[in-house]
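A.B. asks: Below is the file coords.cif, with mmCIF, C-alpha atoms (C1' of nucleotides).
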data_data
#
loop_
_atom_site.group_PDB
_atom_site.id
_atom_site.type_symbol
_atom_site.label_atom_id
_atom_site.label_comp_id
_atom_site.auth_asym_id
_atom_site.auth_seq_id
_atom_site.Cartn_x
_atom_site.Cartn_y
_atom_site.Cartn_z
ATOM 1 C CA MET G 1 0.562 5.613 -4.862
ATOM 2 C CA PRO G 2 -1.850 2.890 -4.121
ATOM 3 C CA GLU G 3 -3.671 2.292 -0.927
ATOM 4 C CA LEU G 4 -7.248 1.129 -0.637
ATOM 5 C CA PRO G 5 -8.899 4.344 -1.956
ATOM 6 C CA GLU G 6 -6.548 4.608 -4.930
ATOM 7 C CA VAL G 7 -7.010 0.934 -5.801
ATOM 8 C CA ALA G 8 -10.788 1.324 -5.511
ATOM 9 C CA THR G 9 -10.623 4.335 -7.845
ATOM 10 C CA VAL G 10 -8.468 2.530 -10.386
ATOM 11 C CA ILE G 11 -10.947 -0.345 -10.397
ATOM 12 C CA ARG G 12 -13.923 1.983 -10.813
ATOM 13 C CA THR G 13 -12.277 3.621 -13.827
ATOM 14 C CA VAL G 14 -10.784 0.523 -15.449
ATOM 15 C CA GLU G 15 -13.531 -2.047 -15.079
ATOM 16 C CA THR G 16 -15.614 -0.625 -17.932
ATOM 17 C CA HIS G 17 -12.680 -1.391 -20.213
ATOM 18 C CA LEU G 18 -12.286 -4.951 -18.909
ATOM 19 C CA LEU G 19 -15.652 -6.450 -18.002
ATOM 20 C CA GLY G 20 -16.956 -8.919 -20.559
ATOM 21 C CA ARG G 21 -13.885 -8.522 -22.749
ATOM 22 C CA ARG G 22 -11.645 -11.330 -23.886
ATOM 23 C CA LEU G 23 -8.056 -11.198 -22.712
ATOM 24 C CA ILE G 24 -6.046 -12.136 -25.792
ATOM 25 C CA GLU G 25 -2.740 -12.206 -23.911
ATOM 26 C CA VAL G 26 -0.664 -10.507 -21.249
ATOM 27 C CA ARG G 27 2.590 -9.139 -22.608
ATOM 28 C CA CYS G 28 5.268 -8.770 -19.930
ATOM 29 C CA PHE G 29 8.400 -6.747 -20.592
ATOM 30 C CA THR G 30 10.480 -6.919 -17.420
ATOM 31 C CA LYS G 31 9.989 -9.981 -15.238
ATOM 32 C CA LYS G 32 10.323 -13.464 -16.716
ATOM 33 C CA SER G 33 8.211 -14.922 -13.948
ATOM 34 C CA TRP G 34 5.257 -12.697 -14.875
ATOM 35 C CA ALA G 35 5.322 -13.928 -18.445
ATOM 36 C CA ARG G 36 5.426 -17.545 -17.304
ATOM 37 C CA SER G 37 2.614 -17.073 -14.816
ATOM 38 C CA THR G 38 0.277 -14.979 -16.970
ATOM 39 C CA ARG G 39 0.450 -17.344 -19.936
ATOM 40 C CA ARG G 40 -2.432 -19.166 -18.288
ATOM 41 C CA ALA G 41 -4.649 -16.117 -18.615
ATOM 42 C CA ALA G 42 -4.479 -15.901 -22.392
ATOM 43 C CA GLY G 43 -7.732 -16.299 -24.315
ATOM 44 C CA GLN G 44 -10.027 -16.097 -21.310
ATOM 45 C CA LEU G 45 -13.124 -14.006 -20.705
ATOM 46 C CA ILE G 46 -13.059 -11.377 -17.940
ATOM 47 C CA HIS G 47 -15.977 -11.929 -15.582
ATOM 48 C CA GLU G 48 -15.246 -9.500 -12.775
ATOM 49 C CA VAL G 49 -12.841 -6.898 -11.500
ATOM 50 C CA ARG G 50 -12.628 -6.507 -7.746
ATOM 51 C CA ARG G 51 -10.488 -5.141 -4.977
ATOM 52 C CA TYR G 52 -8.855 -7.452 -2.440
ATOM 53 C CA GLY G 53 -6.967 -5.266 0.027
ATOM 54 C CA LYS G 54 -4.578 -3.395 -2.252
ATOM 55 C CA PHE G 55 -4.792 -6.061 -4.966
ATOM 56 C CA ILE G 56 -6.791 -5.676 -8.155
ATOM 57 C CA LEU G 57 -8.245 -9.081 -8.963
ATOM 58 C CA ILE G 58 -9.418 -9.724 -12.510
ATOM 59 C CA GLY G 59 -11.635 -12.805 -12.523
ATOM 60 C CA LEU G 60 -11.272 -15.121 -15.537
ATOM 61 C CA ASP G 61 -12.865 -18.384 -16.685
ATOM 62 C CA ASP G 62 -10.044 -20.149 -14.854
ATOM 63 C CA GLY G 63 -8.362 -18.364 -11.952
ATOM 64 C CA LEU G 64 -7.560 -14.679 -11.919
ATOM 65 C CA LEU G 65 -5.031 -12.008 -12.695
ATOM 66 C CA ALA G 66 -3.726 -10.428 -9.489
ATOM 67 C CA ILE G 67 -2.282 -6.964 -9.988
ATOM 68 C CA HIS G 68 -0.498 -5.096 -7.206
ATOM 69 C CA LEU G 69 0.429 -1.480 -7.934
ATOM 70 C CA GLY G 70 3.338 -1.436 -5.485
ATOM 71 C CA MET G 71 4.539 2.117 -4.960
ATOM 72 C CA THR G 72 4.217 3.707 -8.408
ATOM 73 C CA GLY G 73 2.065 1.322 -10.441
ATOM 74 C CA LYS G 74 -0.749 2.508 -12.727
ATOM 75 C CA LEU G 75 -3.355 0.800 -14.886
ATOM 76 C CA LEU G 76 -4.036 2.933 -17.944
ATOM 77 C CA ALA G 77 -6.803 2.444 -20.496
ATOM 78 C CA GLY G 78 -6.305 3.687 -24.031
ATOM 79 C CA ALA G 79 -2.853 5.175 -23.401
ATOM 80 C CA GLU G 80 0.367 4.974 -25.411
ATOM 81 C CA ARG G 81 2.986 2.487 -24.331
ATOM 82 C CA GLY G 82 6.006 4.223 -22.784
ATOM 83 C CA ALA G 83 9.366 3.645 -21.139
ATOM 84 C CA TYR G 84 7.695 2.504 -17.888
ATOM 85 C CA THR G 85 5.160 0.146 -19.412
ATOM 86 C CA ARG G 86 5.964 -3.150 -17.688
ATOM 87 C CA ALA G 87 3.057 -5.198 -18.995
ATOM 88 C CA VAL G 88 0.114 -4.890 -21.361
ATOM 89 C CA LEU G 89 -3.280 -6.557 -21.095
ATOM 90 C CA VAL G 90 -4.145 -7.124 -24.742
ATOM 91 C CA LEU G 91 -7.929 -7.262 -25.095
ATOM 92 C CA ASP G 92 -10.170 -8.003 -28.045
ATOM 93 C CA THR G 93 -11.090 -4.309 -28.024
ATOM 94 C CA GLY G 94 -7.836 -2.578 -27.107
ATOM 95 C CA GLU G 95 -5.136 -2.436 -24.460
ATOM 96 C CA VAL G 96 -4.820 -1.716 -20.767
ATOM 97 C CA LEU G 97 -1.270 -0.829 -19.737
ATOM 98 C CA PHE G 98 0.488 -1.596 -16.491
ATOM 99 C CA ASP G 99 3.018 1.222 -16.044
ATOM 100 C CA ASP G 100 5.306 1.226 -13.027
ATOM 101 C CA VAL G 101 8.362 3.443 -12.598
ATOM 102 C CA ARG G 102 9.855 1.804 -9.514
ATOM 103 C CA GLN G 103 8.851 -1.732 -10.375
ATOM 104 C CA PHE G 104 7.581 -2.711 -6.943
ATOM 105 C CA GLY G 105 4.282 -3.749 -8.458
ATOM 106 C CA SER G 106 3.373 -7.148 -9.873
ATOM 107 C CA VAL G 107 1.110 -8.978 -12.302
ATOM 108 C CA ARG G 108 0.515 -12.668 -11.727
ATOM 109 C CA TRP G 109 -1.973 -15.364 -12.564
ATOM 110 C CA LEU G 110 -3.375 -17.060 -9.479
ATOM 111 C CA ARG G 111 -5.804 -19.913 -8.954
ATOM 112 C CA GLN G 112 -7.484 -17.896 -6.185
ATOM 113 C CA ALA G 113 -7.137 -14.707 -4.137
ATOM 114 C CA PRO G 114 -3.838 -14.362 -2.256
ATOM 115 C CA GLY G 115 -3.811 -15.870 1.237
ATOM 116 C CA HIS G 116 -2.521 -14.653 4.610
ATOM 117 C CA LEU G 117 -4.194 -11.258 4.494
ATOM 118 C CA GLY G 118 -6.318 -9.984 7.348
ATOM 119 C CA PRO G 119 -9.893 -8.707 7.093
ATOM 120 C CA ASP G 120 -10.573 -5.783 4.762
ATOM 121 C CA ALA G 121 -10.389 -2.345 6.367
ATOM 122 C CA LEU G 122 -13.859 -1.484 5.033
ATOM 123 C CA GLU G 123 -15.501 -4.829 5.773
ATOM 124 C CA ILE G 124 -14.390 -5.520 9.324
ATOM 125 C CA SER G 125 -16.967 -4.798 12.052
ATOM 126 C CA ALA G 126 -16.160 -2.551 14.987
ATOM 127 C CA GLU G 127 -16.399 -5.505 17.357
ATOM 128 C CA GLU G 128 -14.044 -7.683 15.360
ATOM 129 C CA PHE G 129 -11.594 -4.828 14.950
ATOM 130 C CA ALA G 130 -11.520 -4.143 18.683
ATOM 131 C CA GLY G 131 -11.190 -7.863 19.356
ATOM 132 C CA ARG G 132 -8.191 -8.205 17.084
ATOM 133 C CA LEU G 133 -6.475 -5.213 18.667
ATOM 134 C CA ARG G 134 -6.849 -6.695 22.123
ATOM 135 C CA THR G 135 -4.502 -9.607 21.412
ATOM 136 C CA ARG G 136 -1.652 -7.532 19.956
ATOM 137 C CA LYS G 137 1.243 -5.873 21.729
ATOM 138 C CA ALA G 138 2.553 -4.081 18.642
ATOM 139 C CA ARG G 139 2.498 -0.332 18.127
ATOM 140 C CA LEU G 140 -0.655 0.778 16.385
ATOM 141 C CA LYS G 141 0.991 2.360 13.360
ATOM 142 C CA ALA G 142 2.944 -0.817 12.617
ATOM 143 C CA LEU G 143 -0.189 -2.914 13.060
ATOM 144 C CA LEU G 144 -2.283 -0.774 10.705
ATOM 145 C CA LEU G 145 0.383 -1.165 8.024
ATOM 146 C CA ASN G 146 0.486 -4.934 8.506
ATOM 147 C CA GLN G 147 -1.687 -6.420 5.750
ATOM 148 C CA ALA G 148 -1.917 -9.709 7.636
ATOM 149 C CA PHE G 149 -3.650 -7.826 10.449
ATOM 150 C CA LEU G 150 -5.884 -5.592 8.315
ATOM 151 C CA ARG G 151 -5.823 -5.316 4.544
ATOM 152 C CA GLY G 152 -6.019 -2.068 2.619
ATOM 153 C CA LEU G 153 -4.407 0.663 4.728
ATOM 154 C CA GLY G 154 -1.018 2.140 3.825
ATOM 155 C CA ASN G 155 1.159 4.929 5.111
ATOM 156 C CA ILE G 156 -1.095 7.870 4.266
ATOM 157 C CA TYR G 157 -4.366 6.497 5.573
ATOM 158 C CA ALA G 158 -2.816 4.913 8.661
ATOM 159 C CA ASP G 159 -1.518 8.339 9.730
ATOM 160 C CA GLU G 160 -4.729 10.127 8.789
ATOM 161 C CA SER G 161 -6.890 7.564 10.614
ATOM 162 C CA LEU G 162 -4.816 7.743 13.810
ATOM 163 C CA PHE G 163 -5.016 11.546 13.773
ATOM 164 C CA ARG G 164 -8.774 11.582 13.294
ATOM 165 C CA ALA G 165 -9.146 9.085 16.132
ATOM 166 C CA GLY G 166 -6.830 11.100 18.395
ATOM 167 C CA VAL G 167 -4.607 8.085 18.974
ATOM 168 C CA HIS G 168 -0.814 8.170 19.142
ATOM 169 C CA PRO G 169 0.939 6.022 16.500
ATOM 170 C CA LEU G 170 3.180 4.461 19.164
ATOM 171 C CA ALA G 171 0.276 3.395 21.380
ATOM 172 C CA ILE G 172 0.241 -0.343 22.093
ATOM 173 C CA ALA G 173 -2.753 -1.980 20.447
ATOM 174 C CA ALA G 174 -3.805 -4.147 23.377
ATOM 175 C CA ARG G 175 -3.759 -1.170 25.739
ATOM 176 C CA LEU G 176 -6.277 0.837 23.738
ATOM 177 C CA SER G 177 -9.542 1.328 25.624
ATOM 178 C CA PRO G 178 -12.615 -0.198 23.953
ATOM 179 C CA LYS G 179 -13.945 3.297 23.440
ATOM 180 C CA ARG G 180 -10.817 4.393 21.597
ATOM 181 C CA ALA G 181 -10.709 1.187 19.565
ATOM 182 C CA LEU G 182 -14.211 1.943 18.319
ATOM 183 C CA LYS G 183 -13.209 5.509 17.590
ATOM 184 C CA LEU G 184 -10.267 4.297 15.532
ATOM 185 C CA HIS G 185 -12.479 1.891 13.606
ATOM 186 C CA LYS G 186 -14.870 4.739 12.815
ATOM 187 C CA ALA G 187 -12.007 7.060 11.816
ATOM 188 C CA ILE G 188 -10.593 4.454 9.411
ATOM 189 C CA ARG G 189 -13.959 4.050 7.695
ATOM 190 C CA GLU G 190 -14.562 7.784 7.433
ATOM 191 C CA VAL G 191 -11.120 8.533 6.028
ATOM 192 C CA LEU G 192 -11.332 5.727 3.485
ATOM 193 C CA PHE G 193 -14.854 6.597 2.342
ATOM 194 C CA ASP G 194 -13.959 10.304 2.039
ATOM 195 C CA ALA G 195 -10.818 9.451 0.087
ATOM 196 C CA ILE G 196 -12.686 7.118 -2.273
ATOM 197 C CA ALA G 197 -15.259 9.859 -2.885
ATOM 198 C CA LYS G 198 -12.397 12.190 -3.862
ATOM 199 C CA GLY G 199 -10.729 9.666 -6.147
ATOM 200 C CA GLY G 200 -7.785 8.992 -3.821
ATOM 201 C CA SER G 201 -4.669 11.033 -3.041
ATOM 202 C CA SER G 202 -2.407 12.165 -5.888
ATOM 203 C CA ILE G 203 0.925 12.788 -4.217
ATOM 204 C CA SER G 204 3.587 12.447 -6.818
ATOM 205 C CA ASP G 205 2.104 10.787 -9.823
ATOM 206 C CA TYR G 206 -0.948 8.731 -8.957
ATOM 207 C CA VAL G 207 -3.668 8.778 -11.599
ATOM 208 C CA ASP G 208 -6.675 6.562 -12.268
ATOM 209 C CA ALA G 209 -7.162 4.459 -15.404
ATOM 210 C CA ASN G 210 -8.229 7.541 -17.384
ATOM 211 C CA GLY G 211 -5.191 9.546 -16.309
ATOM 212 C CA SER G 212 -7.179 11.730 -13.867
ATOM 213 C CA GLN G 213 -5.733 12.769 -10.522
ATOM 214 C CA GLY G 214 -7.426 12.318 -7.158
ATOM 215 C CA SER G 215 -7.992 15.248 -4.832
ATOM 216 C CA PHE G 216 -7.896 13.825 -1.319
ATOM 217 C CA GLN G 217 -4.323 15.095 -0.836
ATOM 218 C CA THR G 218 -5.812 18.491 -0.014
ATOM 219 C CA GLU G 219 -7.679 16.872 2.883
ATOM 220 C CA HIS G 220 -4.584 15.412 4.548
ATOM 221 C CA ARG G 221 -4.319 16.677 8.110
ATOM 222 C CA VAL G 222 -0.965 15.178 9.115
ATOM 223 C CA TYR G 223 0.568 13.198 6.265
ATOM 224 C CA GLN G 224 3.607 15.103 4.966
ATOM 225 C CA ARG G 225 2.669 18.191 6.993
ATOM 226 C CA THR G 226 5.770 18.017 9.215
ATOM 227 C CA GLY G 227 6.294 21.295 11.094
ATOM 228 C CA GLU G 228 3.038 22.791 9.861
ATOM 229 C CA PRO G 229 0.389 23.720 12.441
ATOM 230 C CA CYS G 230 -2.135 21.094 13.484
ATOM 231 C CA LEU G 231 -5.451 22.054 11.923
ATOM 232 C CA SER G 232 -7.238 21.517 15.191
ATOM 233 C CA CYS G 233 -4.819 22.809 17.891
ATOM 234 C CA GLY G 234 -2.015 24.640 16.084
ATOM 235 C CA ALA G 235 0.840 22.561 17.489
ATOM 236 C CA PRO G 236 3.524 21.702 14.896
ATOM 237 C CA ILE G 237 2.985 18.298 13.273
ATOM 238 C CA ARG G 238 5.748 15.896 14.210
ATOM 239 C CA ARG G 239 7.460 13.268 12.054
ATOM 240 C CA ILE G 240 8.979 10.092 13.468
ATOM 241 C CA LEU G 241 9.946 6.695 12.067
ATOM 242 C CA VAL G 242 7.782 3.708 12.920
ATOM 243 C CA ALA G 243 8.219 0.349 11.221
ATOM 244 C CA GLN G 244 10.750 2.061 8.940
ATOM 245 C CA ARG G 245 8.084 4.379 7.618
ATOM 246 C CA ALA G 246 7.649 8.124 8.024
ATOM 247 C CA THR G 247 4.876 8.712 10.566
ATOM 248 C CA HIS G 248 3.146 12.044 11.056
ATOM 249 C CA TYR G 249 1.103 13.024 14.086
ATOM 250 C CA CYS G 250 0.064 15.883 16.330
ATOM 251 C CA PRO G 251 1.823 15.613 19.718
ATOM 252 C CA LYS G 252 -1.029 17.453 21.449
ATOM 253 C CA CYS G 253 -4.072 15.845 19.853
ATOM 254 C CA GLN G 254 -2.745 12.279 19.785
ATOM 255 C CA ARG G 255 -1.971 10.687 23.145
ATOM 256 C CA VAL G 256 -0.387 7.350 23.868
ATOM 257 C "C1'" DT H 1 25.199 14.011 -2.699
ATOM 258 C "C1'" DG H 2 22.189 11.734 0.299
ATOM 259 C "C1'" DG H 3 17.743 10.948 1.538
ATOM 260 C "C1'" DA H 4 13.047 10.166 0.886
ATOM 261 C "C1'" DA H 5 8.984 8.447 -1.682
ATOM 262 C "C1'" DT H 6 1.648 5.709 -1.680
ATOM 263 C "C1'" DG H 7 4.859 -1.328 -0.580
ATOM 264 C "C1'" DT H 8 6.224 -6.017 0.499
ATOM 265 C "C1'" DT H 9 9.301 -9.625 1.993
ATOM 266 C "C1'" DC H 10 12.967 -11.958 4.193
ATOM 267 C "C1'" DG H 11 16.608 -12.985 7.497
ATOM 268 C "C1'" DG H 12 18.282 -12.225 11.998
ATOM 269 C "C1'" DC H 13 17.849 -10.792 16.750
ATOM 270 C "C1'" DT H 14 15.557 -10.410 21.352
ATOM 271 C "C1'" DA C 1 6.817 -16.445 19.530
ATOM 272 C "C1'" DA C 2 5.696 -12.028 18.551
ATOM 273 C "C1'" DG C 3 7.595 -8.015 17.293
ATOM 274 C "C1'" DC C 4 11.223 -5.187 15.724
ATOM 275 C "C1'" DC C 5 15.018 -3.844 12.687
ATOM 276 C "C1'" DG C 6 17.620 -3.404 8.533
ATOM 277 C "C1'" DA C 7 18.188 -4.538 3.964
ATOM 278 C "C1'" DA C 8 16.621 -5.398 -0.529
ATOM 279 C "C1'" DC C 9 13.987 -4.538 -4.726
ATOM 280 C "C1'" DA C 10 14.377 0.139 -8.769
ATOM 281 C "C1'" DT C 11 13.761 4.915 -10.009
ATOM 282 C "C1'" DT C 12 13.059 9.782 -9.632
ATOM 283 C "C1'" DC C 13 13.225 14.079 -7.471
ATOM 284 C "C1'" DC C 14 15.017 17.713 -4.610
#
Show me, as structure tokens, the structure contained in the file I just sent.

C.D. replies:
Amino acid sequence: MPELPEVATVIRTVETHLLGRRLIEVRCFTKKSWARSTRRAAGQLIHEVRRYGKFILIGLDDGLLAIHLGMTGKLLAGAERGAYTRAVLVLDTGEVLFDDVRQFGSVRWLRQAPGHLGPDALEISAEEFAGRLRTRKARLKALLLNQAFLRGLGNIYADESLFRAGVHPLAIAARLSPKRALKLHKAIREVLFDAIAKGGSSISDYVDANGSQGSFQTEHRVYQRTGEPCLSCGAPIRRILVAQRATHYCPKCQRV
DNA sequence: TGGAATGTTCGGCT
DNA sequence: AAGCCGAACATTCC
């Protein structure tokens, strides 16, 4: 559920419930290591809530809480605890739940933001983006999913960005012309900004902190449209595997 | 019943 | 060494 636009939406809807509040404690129900790590967060004031790639960083007096939503994670304000509640942020004014069906998400206390992540997909300049592509021989789809190369994109927005740029997912990064590299950079920004404006994509069960769905899924042009006609040329959308992930593209509009 | 699902990480191979 | 592959994590849905 969570790529950059979904994480941005969760933050927008949850920060009002967190900013300026005191975190009494973090109750963790599944992973021992979370409980050990988050003990350090107890009793601290929340100074900021920000996005770092796909991480939600909650700034405290000392260090921060780093929440990753994994595949099915949610932050819910003012909701009832349920079978999939894996952790609870107990505040002086209420609770924020961390629900996660598949348990790929995480909640940890960290001294500072996680390392080894590349530049943010919305902060990188066109020139830097093109420069980074030039040194890589990997296939573009794999590179866009690699958080150490660029942070924030996931499977949906990588496919949607490549389609909008007219670039084939198997194209080798270093062989992209400067013109096409700039086009891809622009496509990434447009897709992400549009998706944020629509509150993200609700595919199976993504909701924001208030339980509201996003609506960008209706704007998807290739993601999970296998066999359906390309919205710009009519050719059937194709699905292949790249980096072990389903990859959707138009064989006519996207060239290598 | 098997496969696929918005993600990350790790070990092994070329 | 960079890049790729498969497996692993856990659960639901079709």

A.B. asks: I'd like to see the residues matched by the PyMOL selection byres ((chain H) within 9 of (chain G)) on this file, and ideally I'd get them as a PDB file with C-alpha atoms (C1' of nucleotides), in the frame of the given file.

C.D. replies:
ATOM      1  C1'  DA H   5       8.984   8.447  -1.682  1.00  0.00           C
ATOM      2  C1'  DT H   6       1.648   5.709  -1.680  1.00  0.00           C
ATOM      3  C1'  DG H   7       4.859  -1.328  -0.580  1.00  0.00           C
ATOM      4  C1'  DT H   8       6.224  -6.017   0.499  1.00  0.00           C
TER       5       DT H   8
END

A.B. asks: Any idea which chain G residues end up within 8 Å of chain C if we count only C-alpha atoms (C1' of nucleotides), as an MDAnalysis selection string please?

C.D. replies: chainID G and resid 101:104 138 243

A.B. asks: Axis-aligned box over every listed atom of region 209-212 of chain G, padded by 3 Å per side: centre and edges in Å to one decimal, as JSON?

C.D. replies:
{"center_x": -6.7, "center_y": 8.1, "center_z": -15.6, "size_x": 9.0, "size_y": 13.3, "size_z": 9.5}

A.B. asks: Do you have the CA of Leu192 (chain G)-CA of Phe55 (chain G) distance handy?

C.D. replies: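 Those two atoms sit 15.9 Å apart.
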
A.B. asks: How far is it from CA of Asp120 (chain G) to CA of Tyr52 (chain G), in Å with one decimal?

C.D. replies: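 Distance reported for this atom pair: 7.6 Å.
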
A.B. asks: Give me the residues within 10 Å of Val222 (chain G) as a VMD selection string, counting only C-alpha atoms (C1' of nucleotides) and dropping any in the same chain fewer than 4 places off.

C.D. replies: chain G and resid 156 to 157 159 to 164 226 to 231 236 to 239 247 to 250

A.B. asks: Between CA of Arg21 (chain G) and CA of Ala79 (chain G), what is the distance, to one decimal in Å?

C.D. replies: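 Spanning CA of Arg21 (chain G) to CA of Ala79 (chain G) is a straight-line distance of 17.6 Å.
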
A.B. asks: Selected by the PyMOL selection byres ((chain G and resi 49) around 7) in the shown coordinates: which residues, as a PyMOL selection string?

C.D. replies: chain G and resi 11+15+48+50+57-59

A.B. asks: Hey, which of G:Leu122, G:Val242, G:Ala113, G:Ile172 ends up closest to Ala8 (chain G)? Count only C-alpha atoms.

C.D. replies: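 Closest residue, counting only C-alpha atoms: G:Leu122.
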
A.B. asks: Between G:Leu176, G:Leu241, G:Leu170, G:Val207, which residue has the minimum interatomic distance to Asp100 (chain G), considering only C-alpha atoms?

C.D. replies: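 Using only C-alpha atoms, the shortest distance to Asp100 (chain G) belongs to G:Val207.
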
A.B. asks: When you count only C-alpha atoms, which of these residues is closest to Arg22 (chain G): G:Arg36, G:His168, G:His47, G:Lys186?

C.D. replies: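 Distance minimum relative to Arg22 (chain G) lands on G:His47.
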
A.B. asks: Could you list the residues chosen by the PyMOL selection byres ((chain G and resi 178) around 12) in this structure as an MDAnalysis selection string?

C.D. replies: chainID G and resid 126:134 173:177 179:185

A.B. asks: Is it possible to produce a file of chain C from this structure, with N, CA, C and O atoms (P, O5', C5', C4', C3', O3' and C1' of nucleotides), as a tab-separated table (two decimals), in the first residue's frame?

C.D. replies:
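Once written, part36.tsv looks like this:
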chain	number	residue	atom	x	y	z
C	1	DA	P	35.18	-4.74	-4.58
C	1	DA	O5'	34.23	-3.96	-5.58
C	1	DA	C5'	34.69	-3.75	-6.95
C	1	DA	C4'	33.50	-3.46	-7.83
C	1	DA	C3'	32.21	-3.26	-7.05
C	1	DA	O3'	31.42	-2.34	-7.77
C	1	DA	C1'	31.99	-5.16	-8.41
C	2	DA	P	30.18	-1.64	-7.03
C	2	DA	O5'	29.14	-1.56	-8.25
C	2	DA	C5'	29.62	-1.52	-9.59
C	2	DA	C4'	28.67	-2.25	-10.51
C	2	DA	C3'	27.19	-2.03	-10.19
C	2	DA	O3'	26.51	-1.90	-11.42
C	2	DA	C1'	27.69	-4.34	-10.01
C	3	DG	P	25.01	-1.41	-11.42
C	3	DG	O5'	24.23	-2.76	-11.65
C	3	DG	C5'	24.52	-3.54	-12.80
C	3	DG	C4'	23.92	-4.90	-12.65
C	3	DG	C3'	22.45	-4.89	-12.19
C	3	DG	O3'	21.68	-5.59	-13.14
C	3	DG	C1'	23.73	-6.49	-10.99
C	4	DC	P	20.13	-5.61	-13.06
C	4	DC	O5'	19.86	-7.18	-13.02
C	4	DC	C5'	20.71	-8.07	-13.74
C	4	DC	C4'	20.57	-9.44	-13.15
C	4	DC	C3'	19.13	-9.75	-12.71
C	4	DC	O3'	18.69	-10.93	-13.34
C	4	DC	C1'	20.68	-10.28	-10.99
C	5	DC	P	17.15	-11.30	-13.26
C	5	DC	O5'	17.22	-12.51	-12.23
C	5	DC	C5'	18.17	-13.55	-12.43
C	5	DC	C4'	18.10	-14.48	-11.24
C	5	DC	C3'	16.67	-14.72	-10.76
C	5	DC	O3'	16.40	-16.11	-10.77
C	5	DC	C1'	18.10	-14.10	-8.94
C	6	DG	P	14.90	-16.61	-10.61
C	6	DG	O5'	14.93	-17.23	-9.15
C	6	DG	C5'	16.07	-17.97	-8.74
C	6	DG	C4'	16.01	-18.20	-7.25
C	6	DG	C3'	14.59	-18.43	-6.72
C	6	DG	O3'	14.61	-19.56	-5.86
C	6	DG	C1'	15.63	-16.64	-5.54
C	7	DA	P	13.29	-20.07	-5.16
C	7	DA	O5'	13.54	-19.59	-3.66
C	7	DA	C5'	14.84	-19.78	-3.10
C	7	DA	C4'	14.88	-19.15	-1.72
C	7	DA	C3'	13.60	-19.34	-0.92
C	7	DA	O3'	13.93	-19.73	0.39
C	7	DA	C1'	14.15	-17.04	-1.05
C	8	DA	P	12.80	-20.35	1.34
C	8	DA	O5'	12.59	-19.18	2.39
C	8	DA	C5'	13.73	-18.64	3.05
C	8	DA	C4'	13.34	-17.35	3.70
C	8	DA	C3'	11.93	-17.36	4.32
C	8	DA	O3'	12.02	-17.36	5.74
C	8	DA	C1'	12.38	-15.33	3.12
C	9	DC	P	10.76	-17.82	6.59
C	9	DC	O5'	10.09	-16.43	6.99
C	9	DC	C5'	10.83	-15.45	7.70
C	9	DC	C4'	10.13	-14.14	7.61
C	9	DC	C3'	8.62	-14.24	7.76
C	9	DC	O3'	8.28	-14.05	9.13
C	9	DC	C1'	9.27	-12.68	6.05
C	10	DA	P	7.13	-14.97	9.76
C	10	DA	O5'	5.80	-14.30	9.17
C	10	DA	C5'	5.47	-12.98	9.56
C	10	DA	C4'	4.09	-12.68	9.03
C	10	DA	C3'	3.09	-13.79	9.30
C	10	DA	O3'	1.90	-13.21	9.79
C	10	DA	C1'	3.18	-13.32	6.97
C	11	DT	P	0.71	-14.14	10.29
C	11	DT	O5'	-0.36	-13.82	9.15
C	11	DT	C5'	-0.71	-12.47	8.88
C	11	DT	C4'	-1.53	-12.40	7.62
C	11	DT	C3'	-2.63	-13.44	7.50
C	11	DT	O3'	-3.86	-12.76	7.78
C	11	DT	C1'	-1.54	-13.01	5.43
C	12	DT	P	-5.30	-13.49	7.63
C	12	DT	O5'	-5.73	-13.01	6.17
C	12	DT	C5'	-5.59	-11.63	5.84
C	12	DT	C4'	-5.94	-11.42	4.38
C	12	DT	C3'	-7.24	-12.10	3.95
C	12	DT	O3'	-8.03	-11.12	3.31
C	12	DT	C1'	-5.46	-12.66	2.47
C	13	DC	P	-9.59	-11.36	2.97
C	13	DC	O5'	-9.56	-11.52	1.39
C	13	DC	C5'	-8.79	-10.62	0.62
C	13	DC	C4'	-8.63	-11.15	-0.79
C	13	DC	C3'	-9.87	-11.88	-1.31
C	13	DC	O3'	-10.22	-11.32	-2.57
C	13	DC	C1'	-7.91	-13.17	-1.65
C	14	DC	P	-11.72	-11.58	-3.16
C	14	DC	O5'	-11.39	-12.42	-4.47
C	14	DC	C5'	-10.41	-11.94	-5.38
C	14	DC	C4'	-9.94	-13.06	-6.27
C	14	DC	C3'	-11.08	-13.92	-6.81
C	14	DC	O3'	-10.98	-13.98	-8.22
C	14	DC	C1'	-9.34	-15.27	-5.91
